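Following: one structure in structure tokens, then a few remarks.
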Amino acid sequence: MSKCIGCGVLKQNSDHNKPGYVVKPENEYCLRCFKIKNYNELIDQEINAEHFISKLKELIKLEKKKEIEFYYIIDIFDLEGSRVPDIETAIKNYPVTIVINKIDLLPKAVKLAKIRRYITELFAKSELNNANIILNTSFKNNFINSLLNKIKKSKTKKYFIGSSNVGKSSIINSLLRANNLIPQIVESKYFNTTLDFIQIKLSSDDIIFDTPGIARNNSIANLLNKEDWKYIYFNKEVAQNTFQLKPNNTIFYAGLAWVNFEWENEKLNSFHFFNNKEIKLHRTNTKNAFDYYERNKKNIISYNLDQTINKQEFEFTEKDINKEFEISISGLGWFNFKIKNSMKITINIPCKELDVKTKLRKPII
Ligand SMILES: Nc1nc2c(ncn2[C@@H]2O[C@H](COP(=O)(O)OP(=O)(O)OP(=O)(O)O)[C@@H](O)[C@H]2O)c(=O)[nH]1
Ligand SMILES: [Mg+2]
């Protein structure tokens with residue numbers, strides 16, 4: 001039997017619990033893809049990250065160096081959480097284009113040249129310091145057309161790789177549309193939508209491959225019911241909220257996580273939050289934070305809540321005073337601020353096991 005055109009996995013009709021199950025052999029989409037496409041319903045199918053990376057390494061060995069290129073896709077809303085160090089190491093000696101996707105989520109006023117400089121600086125210190133960098137969104141024709149032109153310039157086989165949900169399949173479907181072909185790959189807000197390599201012919205000599213993404217194990221998405229992943233993977237520009245905080249104030253992300261702020265004097269300080277506007281922010285006093293969480297946890301969107309509060313603390317030294325920084329939380333967005341004397345910021349996430357990725361960085365915007 002052939003492969004499912006939605007996720008790339010080999011079709012079979014003997015076991016409906018295994019990937020690729022089709023009710024009738026002539027169906028183009030497997031049952032799982034059919035359900036995602038038509039009912040937005042997921043049958044979980046984990047991808048083994050190690051298996052994918054070893055497959056990628058094997059493939060690299062087989063292909064001639066001049067004949068392949070990698071398009072490494074990253075989600076701008078989860079810049080750190082969507083990078084995959086093992087992939088970066090595997091492809092570093094090949095031509096690589098880093099595609100910073102979902103830039104439609106950034107505030108319209110942001111200058112793209114500034115974002116490009118930021119990303120260039122970020123990767124200059126990495127193994128991919130020779131890569132091309134392009135900014136992209138799957139939803140805007142001008143970006144997709146310029147990506148299409150770039151792809152058509154060389155006749156190499158192009159592999160779209162990266163972690164799950166960065167938008168690999170969405171970009172390829174948009175490229176198909178821009179080339180007057182029919183989009184066919186399944187896209188969704190769930191991790192591991194694409195299950196195997198899918199070969200796509202944009203023309204007889206423009207061949208691209210969609211590949212399975214590696215699930216983001218460090219994203220706060222993992223604390224939510226799958227139906228609630230719309231809070232993490234969304235299509236509207238991020239909201240910007242500024243709070244004038246006093247020391248010992250706390251900001252809640254809809255009860256999903258909260259951030260405590262402390263510093264030395266009683267002066268107010270500004271904190272600018274960038275997040276999905278569907279996740280409401282709430283200010284309270286730190287001494288009331290746990291009570292607030294206890295009172296509200298029934299009404300909030302996470303399911304894996306725990307009495308154990310995972311805390312990540314950020315403290316700053318004197319040399320950083322008055323410098324601007326920001327902290328990103330994988331899946332939630334980021335907030336920026338100016339460092340003050342004895343400032344301490346604590347991120348609280350109610351979970352025992354999940355290690356949500358947070359990062360102190362220079363402000364991106
Ligand atoms: N805002 C925004 N969302 C996007 C963009 N591209 C894709 N998405 C959304 O991101 C989610 C994942 O998209 P997919 O195309 O399925 O991602 P993928 O990288 O193929 O994921 P896997 O197959 O699991 O590896 C979906 O909810 C898409 O609608 C984009 O440019 N901007
Ligand atoms: Mg995909």
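Quick note on naming: the chains in the structure tokens go A, B, ... in the order shown, residues restart at 1 in each chain, and ligands are numbered from 1 in order of appearance.
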
I'd like a table as CSV: residues in chain A with an atom no more than 6 Å from ligand 2, each row giving the shortest atom pair and its distance in Å to one decimal, only C-alpha atoms and all ligand atoms counted, sorted by chain and rising residue number.
residue,atom,partner,partner_atom_place_in_ligand_line,distance
A:Lys168,CA,ligand 2,1 (Mg),5.4
A:Ser169,CA,ligand 2,1 (Mg),4.2
A:Glu187,CA,ligand 2,1 (Mg),5.7
A:Thr193,CA,ligand 2,1 (Mg),5.1
A:Thr194,CA,ligand 2,1 (Mg),4.0
A:Pro212,CA,ligand 2,1 (Mg),5.9

With all heavy atoms retained, export the selected residues as an mmCIF file, in the first residue's frame.
data_model
loop_
_atom_site.group_PDB
_atom_site.id
_atom_site.type_symbol
_atom_site.label_atom_id
_atom_site.label_comp_id
_atom_site.auth_asym_id
_atom_site.auth_seq_id
_atom_site.Cartn_x
_atom_site.Cartn_y
_atom_site.Cartn_z
ATOM 1 N N LYS A 168 6.068 23.641 9.394
ATOM 2 C CA LYS A 168 6.691 23.074 8.186
ATOM 3 C C LYS A 168 5.647 22.718 7.128
ATOM 4 O O LYS A 168 5.750 23.112 5.971
ATOM 5 C CB LYS A 168 7.510 21.806 8.537
ATOM 6 C CG LYS A 168 8.630 22.086 9.521
ATOM 7 C CD LYS A 168 9.385 20.817 9.909
ATOM 8 C CE LYS A 168 8.575 19.799 10.680
ATOM 9 N NZ LYS A 168 8.061 20.269 11.985
ATOM 10 N N SER A 169 4.620 21.964 7.559
ATOM 11 C CA SER A 169 3.600 21.520 6.595
ATOM 12 C C SER A 169 2.781 22.704 6.085
ATOM 13 O O SER A 169 2.431 22.753 4.901
ATOM 14 C CB SER A 169 2.678 20.485 7.243
ATOM 15 O OG SER A 169 3.440 19.386 7.703
ATOM 16 N N GLU A 187 -2.081 19.779 8.422
ATOM 17 C CA GLU A 187 -1.479 20.709 9.398
ATOM 18 C C GLU A 187 -2.397 20.700 10.616
ATOM 19 O O GLU A 187 -3.601 20.519 10.459
ATOM 20 C CB GLU A 187 -1.469 22.150 8.867
ATOM 21 C CG GLU A 187 -1.344 22.282 7.397
ATOM 22 C CD GLU A 187 -1.772 23.660 6.847
ATOM 23 O OE1 GLU A 187 -2.375 24.478 7.559
ATOM 24 O OE2 GLU A 187 -1.488 23.880 5.677
ATOM 25 N N THR A 193 2.050 15.960 13.892
ATOM 26 C CA THR A 193 1.030 15.793 12.854
ATOM 27 C C THR A 193 1.624 15.007 11.690
ATOM 28 O O THR A 193 1.052 14.012 11.243
ATOM 29 C CB THR A 193 0.524 17.167 12.386
ATOM 30 O OG1 THR A 193 0.054 17.864 13.528
ATOM 31 C CG2 THR A 193 -0.596 17.032 11.368
ATOM 32 N N THR A 194 2.782 15.439 11.217
ATOM 33 C CA THR A 194 3.453 14.721 10.126
ATOM 34 C C THR A 194 4.228 13.554 10.732
ATOM 35 O O THR A 194 4.977 13.738 11.690
ATOM 36 C CB THR A 194 4.413 15.679 9.380
ATOM 37 O OG1 THR A 194 3.693 16.859 9.025
ATOM 38 C CG2 THR A 194 4.983 15.032 8.136
ATOM 39 N N PRO A 212 8.765 14.817 9.804
ATOM 40 C CA PRO A 212 8.109 14.886 11.118
ATOM 41 C C PRO A 212 8.878 15.832 12.036
ATOM 42 O O PRO A 212 10.111 15.858 11.998
ATOM 43 C CB PRO A 212 8.228 13.464 11.661
ATOM 44 C CG PRO A 212 8.823 12.638 10.590
ATOM 45 C CD PRO A 212 9.440 13.534 9.583
#

* **Contacts of ligand 1, 7 Å or closer, only C-alpha atoms and all ligand atoms, given as a PyMOL selection string** => chain A and resi 101-105+136-139+162-171+186-195+211-214+233-236

Interface rows for range 18-103 of chain A against range 131-134 of chain A: nearest pair, Å to one decimal, 7 Å, only C-alpha atoms, as CSV:
residue,atom,partner,partner_atom,distance
A:Pro95,CA,A:Ala131,CA,6.9
A:Val96,CA,A:Ala131,CA,5.0
A:Thr97,CA,A:Asn132,CA,4.6
A:Ile98,CA,A:Ile133,CA,4.8
A:Val99,CA,A:Ile134,CA,5.0
A:Ile100,CA,A:Ile134,CA,6.2

* To do: Taking the chain letters and numbering used in this document, name the residues of range 38-282 of chain A that DSSP puts in strand (DSSP E), as a PyMOL selection string.
  => chain A and resi 68-75+96-101+132-135+157-162+198-203+206-210+239-245+249-253+257-262+269-275+281-282

* Quick one: everything within 12 Å of Thr156 in chain A, counting only C-alpha atoms, minus sequence neighbours fewer than 4 positions away in the same chain. Send it as JSON, numbers by chain. => {"A": [63, 64, 65, 66, 67, 68, 69, 70, 71, 94, 95, 96, 150, 151, 152, 205, 206, 207, 208, 209]}

If you keep N, CA and C atoms, can you produce a file of those selected residues as a PDB file, in the first residue's frame?
ATOM      1  N   GLU A  63      23.082  10.975   0.648  1.00  0.00           N
ATOM      2  CA  GLU A  63      22.961  12.002  -0.386  1.00  0.00           C
ATOM      3  C   GLU A  63      24.306  12.653  -0.657  1.00  0.00           C
ATOM      4  N   LYS A  64      24.481  13.112  -1.891  1.00  0.00           N
ATOM      5  CA  LYS A  64      25.701  13.875  -2.184  1.00  0.00           C
ATOM      6  C   LYS A  64      25.526  15.276  -1.603  1.00  0.00           C
ATOM      7  N   LYS A  65      26.644  15.755  -1.030  1.00  0.00           N
ATOM      8  CA  LYS A  65      26.582  17.032  -0.320  1.00  0.00           C
ATOM      9  C   LYS A  65      26.015  18.161  -1.183  1.00  0.00           C
ATOM     10  N   LYS A  66      26.371  18.140  -2.456  1.00  0.00           N
ATOM     11  CA  LYS A  66      25.932  19.239  -3.331  1.00  0.00           C
ATOM     12  C   LYS A  66      24.452  19.147  -3.684  1.00  0.00           C
ATOM     13  N   GLU A  67      23.870  18.004  -3.425  1.00  0.00           N
ATOM     14  CA  GLU A  67      22.508  17.800  -3.928  1.00  0.00           C
ATOM     15  C   GLU A  67      21.410  18.066  -2.916  1.00  0.00           C
ATOM     16  N   ILE A  68      21.790  18.360  -1.668  1.00  0.00           N
ATOM     17  CA  ILE A  68      20.724  18.622  -0.696  1.00  0.00           C
ATOM     18  C   ILE A  68      20.910  19.968   0.014  1.00  0.00           C
ATOM     19  N   GLU A  69      19.791  20.450   0.499  1.00  0.00           N
ATOM     20  CA  GLU A  69      19.792  21.690   1.277  1.00  0.00           C
ATOM     21  C   GLU A  69      18.780  21.528   2.398  1.00  0.00           C
ATOM     22  N   PHE A  70      19.031  22.203   3.504  1.00  0.00           N
ATOM     23  CA  PHE A  70      18.075  22.118   4.611  1.00  0.00           C
ATOM     24  C   PHE A  70      17.410  23.467   4.848  1.00  0.00           C
ATOM     25  N   TYR A  71      16.114  23.414   5.062  1.00  0.00           N
ATOM     26  CA  TYR A  71      15.356  24.573   5.516  1.00  0.00           C
ATOM     27  C   TYR A  71      14.955  24.248   6.952  1.00  0.00           C
ATOM     28  N   TYR A  94      26.184  21.459   5.920  1.00  0.00           N
ATOM     29  CA  TYR A  94      25.408  21.496   4.672  1.00  0.00           C
ATOM     30  C   TYR A  94      24.841  22.891   4.465  1.00  0.00           C
ATOM     31  N   PRO A  95      24.403  23.186   3.234  1.00  0.00           N
ATOM     32  CA  PRO A  95      23.744  24.487   3.062  1.00  0.00           C
ATOM     33  C   PRO A  95      22.442  24.534   3.875  1.00  0.00           C
ATOM     34  N   VAL A  96      22.335  25.549   4.702  1.00  0.00           N
ATOM     35  CA  VAL A  96      21.156  25.656   5.580  1.00  0.00           C
ATOM     36  C   VAL A  96      20.528  27.044   5.439  1.00  0.00           C
ATOM     37  N   LYS A 150      13.171  31.647  -4.088  1.00  0.00           N
ATOM     38  CA  LYS A 150      14.465  31.176  -3.581  1.00  0.00           C
ATOM     39  C   LYS A 150      14.614  29.665  -3.826  1.00  0.00           C
ATOM     40  N   ILE A 151      13.540  28.936  -3.544  1.00  0.00           N
ATOM     41  CA  ILE A 151      13.580  27.481  -3.703  1.00  0.00           C
ATOM     42  C   ILE A 151      13.826  27.104  -5.159  1.00  0.00           C
ATOM     43  N   LYS A 152      13.210  27.858  -6.066  1.00  0.00           N
ATOM     44  CA  LYS A 152      13.323  27.514  -7.489  1.00  0.00           C
ATOM     45  C   LYS A 152      14.685  27.853  -8.088  1.00  0.00           C
ATOM     46  N   ASP A 205      11.537  19.436 -11.449  1.00  0.00           N
ATOM     47  CA  ASP A 205      12.849  19.447 -10.800  1.00  0.00           C
ATOM     48  C   ASP A 205      12.937  20.306  -9.530  1.00  0.00           C
ATOM     49  N   ASP A 206      11.793  20.620  -8.962  1.00  0.00           N
ATOM     50  CA  ASP A 206      11.806  21.278  -7.644  1.00  0.00           C
ATOM     51  C   ASP A 206      11.183  20.334  -6.631  1.00  0.00           C
ATOM     52  N   ILE A 207      12.059  19.641  -5.904  1.00  0.00           N
ATOM     53  CA  ILE A 207      11.562  18.630  -4.971  1.00  0.00           C
ATOM     54  C   ILE A 207      11.824  19.053  -3.533  1.00  0.00           C
ATOM     55  N   ILE A 208      10.757  19.075  -2.736  1.00  0.00           N
ATOM     56  CA  ILE A 208      10.964  19.363  -1.322  1.00  0.00           C
ATOM     57  C   ILE A 208      10.402  18.215  -0.485  1.00  0.00           C
ATOM     58  N   PHE A 209      10.923  18.105   0.716  1.00  0.00           N
ATOM     59  CA  PHE A 209      10.456  17.057   1.620  1.00  0.00           C
ATOM     60  C   PHE A 209       9.945  17.684   2.900  1.00  0.00           C
TER      61      PHE A 209
END

* Hey, which of A:Asn217, A:Asn241, A:Asn296, A:Asn310 ends up closest to Gly81 in chain A? Count only C-alpha atoms. ->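 Smallest separation from Gly81 in chain A among the options: A:Asn217.
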